[in-house]
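J.: See start00.txt below, with compact mmCIF, C-alpha atoms and all ligand atoms.
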```
# COMPACT_ATOMS: atom_id res chain seq x y z
CA MET A 1 82.39 24.66 -91.49
CA ARG A 2 78.80 24.89 -92.58
CA LYS A 3 76.15 24.70 -89.86
CA LEU A 4 74.67 21.19 -89.59
CA TYR A 5 70.98 20.64 -88.96
CA PRO A 6 70.08 17.15 -87.73
CA TYR A 7 66.43 16.08 -87.99
CA GLY A 8 66.11 16.47 -84.23
CA ARG A 9 68.22 17.22 -81.20
CA GLN A 10 68.10 17.95 -77.48
CA GLU A 11 68.66 21.27 -75.72
CA ILE A 12 70.69 21.10 -72.51
CA ASP A 13 71.13 24.42 -70.69
CA SER A 14 72.99 25.39 -67.52
CA SER A 15 69.95 24.76 -65.30
CA ASP A 16 69.86 21.15 -66.56
CA ILE A 17 73.58 20.77 -65.86
CA ASP A 18 73.22 22.26 -62.35
CA ALA A 19 70.34 19.88 -61.60
CA VAL A 20 72.41 16.87 -62.64
CA VAL A 21 75.44 18.04 -60.61
CA ASP A 22 73.20 18.51 -57.54
CA ALA A 23 71.93 14.97 -57.94
CA LEU A 24 75.48 13.62 -58.27
CA ARG A 25 76.44 15.37 -55.01
CA SER A 26 73.34 14.13 -53.18
CA ASP A 27 72.94 11.01 -51.01
CA TYR A 28 71.09 9.05 -53.67
CA LEU A 29 72.27 8.20 -57.16
CA THR A 30 69.36 5.81 -57.61
CA GLN A 31 66.08 4.93 -55.86
CA GLY A 32 66.12 8.32 -54.16
CA PRO A 33 63.57 11.12 -53.90
CA ARG A 34 64.07 12.55 -57.39
CA ILE A 35 62.37 9.61 -59.08
CA SER A 36 59.07 10.11 -57.30
CA GLU A 37 59.34 13.88 -57.79
CA PHE A 38 59.83 13.37 -61.54
CA GLU A 39 56.90 10.92 -61.68
CA ALA A 40 54.65 13.32 -59.73
CA ASN A 41 55.59 16.18 -62.06
CA ILE A 42 54.67 14.16 -65.13
CA SER A 43 51.35 13.11 -63.61
CA LYS A 44 50.60 16.74 -62.84
CA ILE A 45 51.49 17.92 -66.35
CA VAL A 46 49.54 15.23 -68.22
CA ASP A 47 46.64 14.83 -65.72
CA SER A 48 47.18 11.18 -64.83
CA LYS A 49 46.72 9.63 -61.40
CA TYR A 50 49.94 7.62 -61.56
CA CYS A 51 53.26 7.66 -63.35
CA ALA A 52 56.07 5.08 -63.20
CA ALA A 53 59.50 6.01 -64.58
CA PHE A 54 61.76 3.45 -66.28
CA ASN A 55 65.13 3.36 -68.02
CA SER A 56 63.51 3.63 -71.48
CA ALA A 57 60.17 3.76 -73.26
CA THR A 58 60.96 0.27 -74.51
CA SER A 59 61.07 -0.91 -70.89
CA ALA A 60 57.86 0.99 -70.11
CA LEU A 61 56.12 -0.73 -73.05
CA HIS A 62 57.41 -4.10 -71.83
CA VAL A 63 56.10 -3.69 -68.26
CA ALA A 64 52.84 -2.23 -69.59
CA CYS A 65 52.28 -5.43 -71.59
CA LEU A 66 53.20 -7.57 -68.57
CA ALA A 67 50.85 -5.61 -66.29
CA LEU A 68 48.03 -6.18 -68.80
CA ASN A 69 48.73 -9.92 -68.41
CA LEU A 70 49.91 -10.54 -71.95
CA ASN A 71 51.19 -14.10 -72.42
CA ASN A 72 51.62 -16.84 -75.02
CA ASN A 73 47.90 -16.87 -75.74
CA SER A 74 47.59 -13.13 -76.29
CA THR A 75 47.57 -11.00 -79.43
CA VAL A 76 48.62 -7.37 -79.85
CA TRP A 77 47.91 -5.08 -82.78
CA THR A 78 49.92 -1.97 -83.52
CA SER A 79 50.84 0.42 -86.33
CA PRO A 80 53.57 -0.62 -88.76
CA LEU A 81 54.68 3.01 -89.10
CA SER A 82 56.57 3.17 -85.81
CA PHE A 83 59.80 2.35 -84.08
CA VAL A 84 60.25 -1.41 -83.61
CA ALA A 85 59.69 -1.18 -79.83
CA SER A 86 55.93 -0.65 -80.38
CA ALA A 87 55.73 -4.24 -81.63
CA ASN A 88 58.64 -5.91 -79.83
CA CYS A 89 56.92 -5.40 -76.44
CA ALA A 90 54.28 -7.99 -77.41
CA LEU A 91 56.90 -10.52 -78.47
CA TYR A 92 58.81 -10.08 -75.17
CA CYS A 93 55.68 -11.51 -73.49
CA GLY A 94 55.41 -14.41 -75.92
CA SER A 95 52.32 -12.86 -77.53
CA SER A 96 51.49 -12.64 -81.23
CA ILE A 97 51.80 -9.36 -83.07
CA ASP A 98 49.79 -8.03 -85.98
CA PHE A 99 49.60 -4.69 -87.77
CA VAL A 100 46.82 -2.31 -88.80
CA ASP A 101 47.59 -0.09 -91.81
CA ILE A 102 47.82 3.69 -91.53
CA ASP A 103 45.96 6.76 -92.74
CA PRO A 104 48.51 8.46 -95.00
CA ARG A 105 47.18 11.94 -94.14
CA THR A 106 48.46 11.68 -90.56
CA GLY A 107 50.63 8.56 -90.41
CA ASN A 108 48.39 7.27 -87.59
CA MET A 109 46.46 4.01 -87.50
CA CYS A 110 43.59 4.07 -90.02
CA ILE A 111 40.21 3.90 -88.26
CA THR A 112 38.45 2.35 -91.28
CA LYS A 113 41.10 -0.38 -91.55
CA LEU A 114 40.90 -0.96 -87.81
CA LYS A 115 37.11 -1.36 -87.94
CA GLU A 116 37.32 -3.82 -90.86
CA LYS A 117 40.06 -5.84 -89.22
CA LEU A 118 38.13 -6.01 -85.93
CA ARG A 119 34.99 -7.22 -87.71
CA ARG A 120 36.97 -9.97 -89.44
CA ALA A 121 38.79 -10.92 -86.25
CA GLU A 122 35.51 -11.18 -84.36
CA ALA A 123 34.11 -13.51 -87.01
CA ASP A 124 37.29 -15.62 -86.88
CA ASP A 125 37.38 -15.52 -83.08
CA ASN A 126 40.87 -14.02 -82.93
CA LEU A 127 40.33 -10.52 -81.57
CA PRO A 128 43.43 -8.85 -80.11
CA ASP A 129 43.88 -8.42 -76.37
CA VAL A 130 45.77 -5.15 -76.56
CA LEU A 131 46.01 -2.36 -79.11
CA VAL A 132 49.24 -0.31 -79.06
CA VAL A 133 48.36 2.95 -80.80
CA VAL A 134 51.20 5.24 -81.86
CA HIS A 135 50.83 9.02 -81.95
CA TYR A 136 52.98 9.45 -85.04
CA ALA A 137 55.21 12.55 -85.13
CA GLY A 138 53.53 13.84 -81.94
CA THR A 139 49.97 14.02 -83.26
CA SER A 140 47.36 12.08 -81.29
CA CYS A 141 45.36 9.31 -82.92
CA ASP A 142 41.57 9.65 -82.92
CA MET A 143 41.30 8.30 -79.39
CA GLU A 144 37.56 8.74 -78.89
CA ILE A 145 36.74 6.33 -81.71
CA ILE A 146 39.56 3.94 -80.83
CA HIS A 147 38.36 3.85 -77.22
CA LYS A 148 34.80 3.18 -78.32
CA LEU A 149 35.91 0.28 -80.51
CA ALA A 150 38.17 -1.10 -77.77
CA THR A 151 35.28 -1.02 -75.29
CA GLN A 152 32.94 -2.71 -77.76
CA TYR A 153 35.43 -5.53 -78.43
CA HIS A 154 36.90 -5.72 -74.87
CA ILE A 155 40.41 -4.71 -75.90
CA LYS A 156 42.92 -2.87 -73.70
CA ILE A 157 44.72 0.19 -75.06
CA ILE A 158 48.34 1.26 -74.66
CA GLU A 159 49.16 4.64 -76.17
CA ASP A 160 52.74 4.71 -77.42
CA ALA A 161 53.13 8.46 -76.98
CA SER A 162 56.91 8.36 -77.27
CA HIS A 163 56.58 11.28 -79.70
CA ALA A 164 53.76 13.11 -78.04
CA ILE A 165 54.41 14.47 -74.53
CA GLY A 166 53.01 18.00 -74.37
CA GLY A 167 50.33 17.24 -76.96
CA SER A 168 46.59 17.15 -76.44
CA TYR A 169 43.44 15.66 -77.95
CA HIS A 170 40.11 17.51 -77.70
CA GLY A 171 41.16 19.26 -74.51
CA ARG A 172 42.62 16.14 -72.88
CA LYS A 173 46.35 15.91 -72.36
CA VAL A 174 48.12 13.02 -74.07
CA GLY A 175 49.05 10.84 -71.09
CA SER A 176 45.84 11.55 -69.15
CA CYS A 177 44.67 8.07 -70.21
CA SER A 178 41.17 9.47 -70.75
CA TYR A 179 40.80 6.94 -73.57
CA SER A 180 43.34 4.26 -72.69
CA ASP A 181 44.69 2.02 -69.94
CA ILE A 182 48.32 3.09 -70.09
CA THR A 183 50.31 5.78 -71.93
CA ILE A 184 54.05 5.52 -72.64
CA PHE A 185 56.51 8.42 -73.08
CA SER A 186 60.15 8.31 -74.20
CA PHE A 187 62.93 10.60 -72.96
CA HIS A 188 65.53 9.63 -75.54
CA PRO A 189 67.52 12.78 -76.54
CA VAL A 190 65.80 13.08 -79.91
CA LYS A 191 62.31 13.19 -78.29
CA ILE A 192 60.65 16.27 -76.76
CA VAL A 193 62.32 16.24 -73.30
CA THR A 194 65.23 14.03 -72.32
CA THR A 195 66.76 12.03 -69.47
CA CYS A 196 69.55 10.71 -71.79
CA GLU A 197 67.82 7.33 -71.83
CA GLY A 198 64.46 7.02 -70.12
CA GLY A 199 60.74 6.54 -70.35
CA CYS A 200 57.61 6.31 -68.27
CA ALA A 201 54.13 4.87 -68.13
CA THR A 202 51.11 6.83 -66.93
CA THR A 203 47.79 5.32 -65.85
CA ASN A 204 44.74 6.03 -63.71
CA ASN A 205 44.57 2.42 -62.55
CA LYS A 206 46.34 1.79 -59.23
CA ALA A 207 46.66 -1.96 -59.77
CA LEU A 208 48.30 -1.48 -63.17
CA TYR A 209 50.65 1.13 -61.70
CA LYS A 210 51.73 -1.24 -58.93
CA GLN A 211 52.23 -4.16 -61.30
CA MET A 212 54.36 -2.06 -63.65
CA LYS A 213 56.52 -0.89 -60.73
CA LEU A 214 56.88 -4.46 -59.52
CA TYR A 215 57.86 -5.83 -62.94
CA GLY A 216 60.40 -3.03 -63.39
CA SER A 217 62.17 -3.72 -60.09
CA HIS A 218 62.86 -7.49 -59.92
CA GLY A 219 59.30 -8.29 -58.82
CA ILE A 220 60.41 -7.16 -55.35
CA THR A 221 58.26 -5.18 -52.94
CA LYS A 222 59.27 -3.55 -49.66
CA ASP A 223 55.71 -2.41 -48.94
CA GLU A 224 54.44 -4.24 -45.84
CA ALA A 225 50.82 -3.85 -46.90
CA GLU A 226 51.62 -5.90 -50.02
CA PHE A 227 53.50 -8.80 -48.41
CA LEU A 228 52.35 -12.32 -49.18
CA ASP A 229 54.45 -13.85 -46.39
CA GLU A 230 54.75 -12.64 -42.82
CA CYS A 231 57.02 -9.64 -42.37
CA GLU A 232 60.09 -10.87 -40.53
CA GLY A 233 61.56 -7.53 -39.55
CA PRO A 234 62.53 -4.06 -40.71
CA TRP A 235 65.02 -5.49 -43.25
CA TYR A 236 62.34 -7.59 -44.92
CA TYR A 237 61.39 -7.55 -48.60
CA GLU A 238 60.06 -10.22 -50.91
CA GLN A 239 60.08 -11.18 -54.58
CA GLN A 240 56.57 -11.93 -55.76
CA LEU A 241 56.97 -12.44 -59.51
CA LEU A 242 59.72 -12.62 -62.11
CA GLY A 243 60.60 -8.99 -62.75
CA PHE A 244 63.52 -7.13 -64.27
CA ASN A 245 65.73 -4.21 -63.33
CA LEU A 246 64.33 -1.51 -65.62
CA ARG A 247 64.61 1.40 -63.20
CA MET A 248 65.47 5.00 -63.99
CA ASN A 249 68.15 6.51 -61.70
CA ASP A 250 68.11 9.78 -59.74
CA VAL A 251 70.63 11.53 -61.97
CA GLN A 252 68.37 10.92 -64.96
CA ALA A 253 65.32 12.00 -62.95
CA ALA A 254 67.10 15.24 -61.96
CA LEU A 255 67.64 16.02 -65.64
CA GLY A 256 64.03 15.09 -66.36
CA ILE A 257 62.66 17.39 -63.64
CA SER A 258 64.68 20.26 -65.07
CA GLN A 259 63.69 19.48 -68.68
CA LEU A 260 59.97 19.25 -67.85
CA LYS A 261 60.03 22.90 -66.75
CA LYS A 262 60.68 23.75 -70.40
CA LEU A 263 58.17 21.36 -71.95
CA LYS A 264 55.62 24.09 -72.74
CA LYS A 265 58.28 26.33 -74.24
CA TYR A 266 59.59 23.45 -76.34
CA THR A 267 56.23 22.38 -77.74
CA SER A 268 55.09 25.91 -78.53
CA ARG A 269 58.39 26.61 -80.32
CA ARG A 270 57.97 23.38 -82.28
CA ASN A 271 54.48 24.52 -83.27
CA GLU A 272 55.84 27.92 -84.37
CA ILE A 273 58.42 26.24 -86.58
CA ALA A 274 55.74 23.92 -88.02
CA LYS A 275 53.67 27.01 -88.93
CA LEU A 276 56.63 28.62 -90.68
CA TYR A 277 57.29 25.42 -92.63
CA ALA A 278 53.63 24.92 -93.54
CA ALA A 279 53.39 28.49 -94.88
CA LYS A 280 56.42 27.86 -97.12
CA PHE A 281 55.14 24.50 -98.38
CA ASN A 282 51.58 25.69 -98.94
CA GLY A 283 50.61 25.00 -102.56
CA ALA A 284 53.93 23.32 -103.44
CA GLN A 285 53.79 20.54 -106.05
CA SER A 286 56.73 18.67 -104.62
CA ILE A 287 55.88 18.64 -100.89
CA THR A 288 52.82 17.62 -98.87
CA PRO A 289 52.99 18.21 -95.11
CA LEU A 290 51.06 15.90 -92.77
CA SER A 291 47.63 16.88 -91.50
CA VAL A 292 46.78 17.65 -87.90
CA MET A 293 43.03 17.20 -87.44
CA PRO A 294 40.96 19.92 -85.68
CA GLY A 295 41.00 19.69 -81.88
CA ILE A 296 44.47 18.18 -81.76
CA TYR A 297 47.59 19.93 -80.48
CA SER A 298 50.64 18.14 -81.87
CA SER A 299 53.91 18.23 -79.97
CA TYR A 300 55.67 18.01 -83.37
CA HIS A 301 58.37 15.57 -82.38
CA LEU A 302 58.97 15.19 -86.12
CA TYR A 303 58.22 17.38 -89.10
CA VAL A 304 57.42 14.88 -91.85
CA ILE A 305 56.83 15.79 -95.49
CA ARG A 306 55.52 13.53 -98.26
CA LEU A 307 57.20 13.62 -101.66
CA PRO A 308 55.47 12.80 -104.95
CA PHE A 309 58.37 10.67 -106.16
CA GLN A 310 57.66 7.18 -107.37
CA ALA A 311 61.21 5.91 -107.14
CA GLU A 312 63.42 5.56 -104.07
CA GLU A 313 66.42 6.92 -106.01
CA GLU A 314 64.80 10.34 -106.16
CA ARG A 315 64.49 10.56 -102.42
CA ILE A 316 68.08 9.39 -102.00
CA LYS A 317 69.14 12.10 -104.46
CA LEU A 318 67.19 14.73 -102.51
CA MET A 319 68.65 13.59 -99.19
CA SER A 320 72.18 13.84 -100.54
CA LEU A 321 71.60 17.30 -102.07
CA LEU A 322 70.23 18.50 -98.73
CA LYS A 323 73.12 16.97 -96.84
CA GLN A 324 75.51 19.04 -98.94
CA GLU A 325 73.62 22.12 -97.68
CA GLY A 326 73.94 20.98 -94.06
CA ILE A 327 70.37 19.68 -93.79
CA LEU A 328 70.21 16.14 -92.44
CA THR A 329 67.00 14.22 -93.02
CA GLN A 330 65.72 10.81 -92.01
CA VAL A 331 63.00 8.30 -92.91
CA HIS A 332 60.42 7.51 -90.20
CA TYR A 333 59.87 4.62 -90.63
CA ARG A 334 60.39 1.55 -92.74
CA PRO A 335 57.29 -0.51 -91.80
CA ILE A 336 58.27 -2.56 -88.74
CA TYR A 337 57.29 -5.85 -90.36
CA LEU A 338 59.67 -5.35 -93.30
CA ASN A 339 62.71 -5.65 -91.01
CA PRO A 340 64.55 -8.95 -91.54
CA PHE A 341 63.50 -10.24 -88.11
CA TYR A 342 59.80 -9.66 -88.79
CA ARG A 343 60.04 -11.19 -92.25
CA TYR A 344 61.73 -14.15 -90.58
CA ILE A 345 58.72 -14.59 -88.25
CA GLY A 346 56.38 -14.58 -91.22
CA PHE A 347 55.48 -11.09 -92.47
CA ASN A 348 55.72 -10.21 -96.14
CA GLN A 349 55.96 -7.21 -98.41
CA GLY A 350 52.55 -5.89 -99.43
CA TYR A 351 50.91 -6.54 -96.05
CA CYS A 352 50.09 -2.88 -95.29
CA PRO A 353 50.24 -1.03 -98.63
CA GLN A 354 49.57 2.46 -97.25
CA SER A 355 52.42 2.15 -94.75
CA GLU A 356 54.75 0.88 -97.45
CA ALA A 357 53.85 3.73 -99.83
CA PHE A 358 54.23 6.24 -96.98
CA ALA A 359 57.62 4.84 -96.03
CA LYS A 360 58.83 5.26 -99.61
CA SER A 361 57.74 8.89 -99.89
CA CYS A 362 58.24 10.42 -96.42
CA LEU A 363 61.10 12.53 -95.19
CA SER A 364 61.66 14.04 -91.74
CA ILE A 365 63.28 17.45 -92.02
CA PRO A 366 64.97 19.26 -89.10
CA MET A 367 62.60 20.04 -86.22
CA PHE A 368 63.83 21.04 -82.77
CA PRO A 369 63.13 24.02 -80.50
CA THR A 370 66.50 25.76 -80.81
CA LEU A 371 66.02 26.38 -84.55
CA SER A 372 65.72 30.14 -85.14
CA ASN A 373 63.23 31.65 -87.60
CA GLN A 374 66.20 32.26 -89.88
CA ASP A 375 67.18 28.58 -89.65
CA ALA A 376 63.60 27.55 -90.40
CA ASP A 377 63.48 29.85 -93.44
CA TYR A 378 66.78 28.51 -94.73
CA ILE A 379 65.74 24.89 -94.19
CA SER A 380 62.29 25.22 -95.78
CA ASP A 381 63.56 27.28 -98.75
CA THR A 382 66.34 24.79 -99.41
CA VAL A 383 64.13 21.72 -99.03
CA LEU A 384 61.55 23.23 -101.39
CA LYS A 385 64.17 24.27 -103.95
CA TYR A 386 65.73 20.81 -104.17
CA ALA A 387 62.43 18.90 -103.96
CA ASP A 388 61.20 20.97 -106.96
CA LEU A 389 64.45 20.32 -108.77
CA VAL A 390 64.35 16.57 -108.21
CA LEU A 391 60.66 16.46 -109.16
CA SER A 392 61.26 18.40 -112.38
CA ARG A 393 63.87 15.84 -113.41
CA ALA A 394 61.79 12.84 -112.37
C1 LIG B 401 61.69 6.29 -79.44
C2 LIG B 401 60.53 5.41 -79.51
C3 LIG B 401 60.38 4.28 -78.69
C4 LIG B 401 61.47 3.78 -77.80
O1 LIG B 401 61.93 4.73 -76.91
P1 LIG B 401 63.21 4.42 -76.03
O2 LIG B 401 63.07 5.39 -74.88
O3 LIG B 401 64.40 4.75 -76.89
O4 LIG B 401 63.18 3.01 -75.61
C5 LIG B 401 59.20 3.57 -78.76
N1 LIG B 401 58.21 3.91 -79.60
C6 LIG B 401 58.33 4.97 -80.42
C7 LIG B 401 57.17 5.32 -81.31
C8 LIG B 401 59.49 5.75 -80.42
O5 LIG B 401 59.61 6.78 -81.26
```
Show how you would write the structure in this file as structure tokens.
Ligand SMILES: *Cc1c(COP(=O)(O)O)cnc(C)c1O
T.:
Amino acid sequence: MRKLYPYGRQEIDSSDIDAVVDALRSDYLTQGPRISEFEANISKIVDSKYCAAFNSATSALHVACLALNLNNNSTVWTSPLSFVASANCALYCGSSIDFVDIDPRTGNMCITKLKEKLRRAEADDNLPDVLVVVHYAGTSCDMEIIHKLATQYHIKIIEDASHAIGGSYHGRKVGSCSYSDITIFSFHPVKIVTTCEGGCATTNNKALYKQMKLYGSHGITKDEAEFLDECEGPWYYEQQLLGFNLRMNDVQAALGISQLKKLKKYTSRRNEIAKLYAAKFNGAQSITPLSVMPGIYSSYHLYVIRLPFQAEEERIKLMSLLKQEGILTQVHYRPIYLNPFYRYIGFNQGYCPQSEAFAKSCLSIPMFPTLSNQDADYISDTVLKYADLVLSRA
């Protein structure tokens, strides 16, 4: 059988397995000491004051929106070039969602479009309450400018950094919340480090941290200092708001603690592979890699290329040729608002033309830290060969 290369995959080694087995043999399977250890380790790595772990990044986005008091009267803006969770979190809170088109060089939210849209929204008195910015493929958005605009217009910022743990922006770690209120990470197996399913929210704001924890655990607190009613005894706890059970468990946290030890190794290997790919694709007619602006260290969750094809059939042809060679590719992403559900709630084709054009011409090729240099050579040579072939016939 030919070797198969998915577009991304996890690495689980014996130290990860030992950590999970230890957790399974311990006194706590959930709500034990490994959760707070995992949270403290993330805070230390990304330079945030607080970190709250949850059972997914989707859950973390949901509680982040709740903690920022989003409700039926609120509006959220995000990037259409993302996973649906970046937008769904607003709708969970009854808020309205809208989209800001992308910069096709990076796949991140376009600053010019954002500025224009803010100016119009101010004039129409419908500015957003929260901006969910997405660090596409692991490369940070231009946070300094986004933060300046958000301050000017009194908008809160959530960074959806599901792709970007281990990355940095002008010397600040993604997750440090230097330019945002809350940052979200995902630990789904295809992301940089995994807890099988899992996510977290980092912040420097204690009140936001506490609210997110509360919303993620039934709205229940056992902290006497927080009680609204009189404490009736050592057994006492109280529910203060309508929360959910969105907790991570200790077995997942054990895996996360072990995986985090390899975060640096993973991101530097991803960067090495990206360099090998970029060297191969340099000057190619048929392939344009994404840009990473100066001062940004990408964690390269994805390696995305742009193809010059005008028709979808050519990309489908390329994907099937590559599949025959063992190279599995994927499209990240169809613009969120073109999904049937979002069309049903009122969005139409043509709304964000750059995102739509990007979605038609992008392809994520295999990128994960256990690829050898030989694998990377094989993948880039094969992708280039077939992209040239398809282009020459187009
Ligand atoms: C993966 C992903 C999510 C959701 O992460 P889960 O942990 O699977 O809930 C959210 N946003 C983006 C941009 C993602 O890539």
J.: I want to know what sits within 10 Å of Lys280 (chain A), based on all atoms listed in the file, with residues of the same chain fewer than 5 positions away left out; could you give that as a PyMOL selection string?
T.: chain A and resi 274-275+287+376-377+380-381+384
J.: Write as JSON, numbers by chain the residues around ligand LIG 401 (chain B), taking 10 Å as the cut-off and counting only C-alpha atoms and all ligand atoms.
T.: {"A": [54, 55, 56, 57, 58, 59, 60, 61, 62, 79, 81, 82, 83, 84, 85, 86, 87, 88, 89, 132, 133, 134, 135, 136, 137, 138, 159, 160, 161, 162, 163, 164, 184, 185, 186, 187, 188, 189, 190, 191, 194, 195, 196, 197, 198, 199, 200, 301, 302, 332, 333]}
J.: Mind checking which residues fall within 12 Å of Ser178 (chain A), counting only C-alpha atoms, ignoring those fewer than 3 positions away in the same chain, and posting them as a PyMOL selection string?
T.: chain A and resi 46-49+143-144+146-148+157-159+168-175+181-183+202-205
J.: Quick one: residues within 9 Å of Leu260 (chain A), all atoms listed in the file, excluding same-chain residues fewer than 3 positions away - as a PDB file with C-alpha atoms, in the coordinates of the input?
T.:
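The result, written out as out-v3.pdb:
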```pdb
ATOM      1  CA  PHE A  38      59.830  13.370 -61.540  1.00  0.00           C
ATOM      2  CA  ASN A  41      55.590  16.180 -62.060  1.00  0.00           C
ATOM      3  CA  ILE A  42      54.670  14.160 -65.130  1.00  0.00           C
ATOM      4  CA  ILE A  45      51.490  17.920 -66.350  1.00  0.00           C
ATOM      5  CA  VAL A 193      62.320  16.240 -73.300  1.00  0.00           C
ATOM      6  CA  THR A 194      65.230  14.030 -72.320  1.00  0.00           C
ATOM      7  CA  LEU A 255      67.640  16.020 -65.640  1.00  0.00           C
ATOM      8  CA  GLY A 256      64.030  15.090 -66.360  1.00  0.00           C
ATOM      9  CA  ILE A 257      62.660  17.390 -63.640  1.00  0.00           C
ATOM     10  CA  LEU A 263      58.170  21.360 -71.950  1.00  0.00           C
ATOM     11  CA  LYS A 264      55.620  24.090 -72.740  1.00  0.00           C
TER      12      LYS A 264
END
```
J.: Which is closest to Gly8 (chain A) among A:Gly107, A:Gly346, A:Pro366, A:Gly295, if we use only C-alpha atoms?
T.: A:Pro366
J.: Interatomic distance between CA of Gly243 (chain A) and CA of Val63 (chain A)?
T.: 8.9 Å
J.: Mind completing region 204-210 of chain A with all heavy atoms? Output as a compact mmCIF listing (two decimals), in the coordinates of the input, please?
T.:
```txt
# COMPACT_ATOMS: atom_id res chain seq x y z
N ASN A 204 45.64 5.63 -64.80
CA ASN A 204 44.74 6.03 -63.71
C ASN A 204 44.34 4.82 -62.87
O ASN A 204 43.51 4.95 -61.98
CB ASN A 204 43.49 6.72 -64.29
CG ASN A 204 43.88 7.99 -65.02
OD1 ASN A 204 44.74 8.73 -64.57
ND2 ASN A 204 43.24 8.24 -66.16
N ASN A 205 44.94 3.67 -63.20
CA ASN A 205 44.57 2.42 -62.55
C ASN A 205 45.68 2.02 -61.56
O ASN A 205 46.80 1.70 -61.97
CB ASN A 205 44.38 1.36 -63.65
CG ASN A 205 44.00 0.01 -63.10
OD1 ASN A 205 44.53 -0.44 -62.09
ND2 ASN A 205 43.08 -0.65 -63.79
N LYS A 206 45.33 2.03 -60.27
CA LYS A 206 46.34 1.79 -59.23
C LYS A 206 46.97 0.40 -59.35
O LYS A 206 48.18 0.24 -59.17
CB LYS A 206 45.69 1.96 -57.85
CG LYS A 206 46.70 2.01 -56.74
CD LYS A 206 46.04 2.39 -55.42
CE LYS A 206 47.10 2.55 -54.33
NZ LYS A 206 46.51 2.88 -53.04
N ALA A 207 46.15 -0.59 -59.66
CA ALA A 207 46.66 -1.96 -59.77
C ALA A 207 47.67 -2.07 -60.91
O ALA A 207 48.73 -2.71 -60.76
CB ALA A 207 45.51 -2.93 -59.98
N LEU A 208 47.36 -1.45 -62.04
CA LEU A 208 48.30 -1.48 -63.17
C LEU A 208 49.60 -0.77 -62.81
O LEU A 208 50.70 -1.25 -63.12
CB LEU A 208 47.68 -0.81 -64.40
CG LEU A 208 46.60 -1.58 -65.15
CD1 LEU A 208 46.07 -0.74 -66.32
CD2 LEU A 208 47.13 -2.91 -65.67
N TYR A 209 49.46 0.37 -62.14
CA TYR A 209 50.65 1.13 -61.70
C TYR A 209 51.55 0.26 -60.83
O TYR A 209 52.76 0.16 -61.04
CB TYR A 209 50.20 2.38 -60.96
CG TYR A 209 51.27 3.03 -60.12
CD1 TYR A 209 52.31 3.75 -60.72
CD2 TYR A 209 51.26 2.91 -58.73
CE1 TYR A 209 53.31 4.33 -59.95
CE2 TYR A 209 52.25 3.49 -57.96
CZ TYR A 209 53.27 4.19 -58.57
OH TYR A 209 54.26 4.76 -57.81
N LYS A 210 50.96 -0.41 -59.86
CA LYS A 210 51.73 -1.24 -58.93
C LYS A 210 52.40 -2.41 -59.65
O LYS A 210 53.54 -2.75 -59.36
CB LYS A 210 50.82 -1.79 -57.83
CG LYS A 210 50.48 -0.78 -56.76
CD LYS A 210 49.77 -1.54 -55.69
CE LYS A 210 49.33 -0.76 -54.52
NZ LYS A 210 48.43 -1.58 -53.69
```
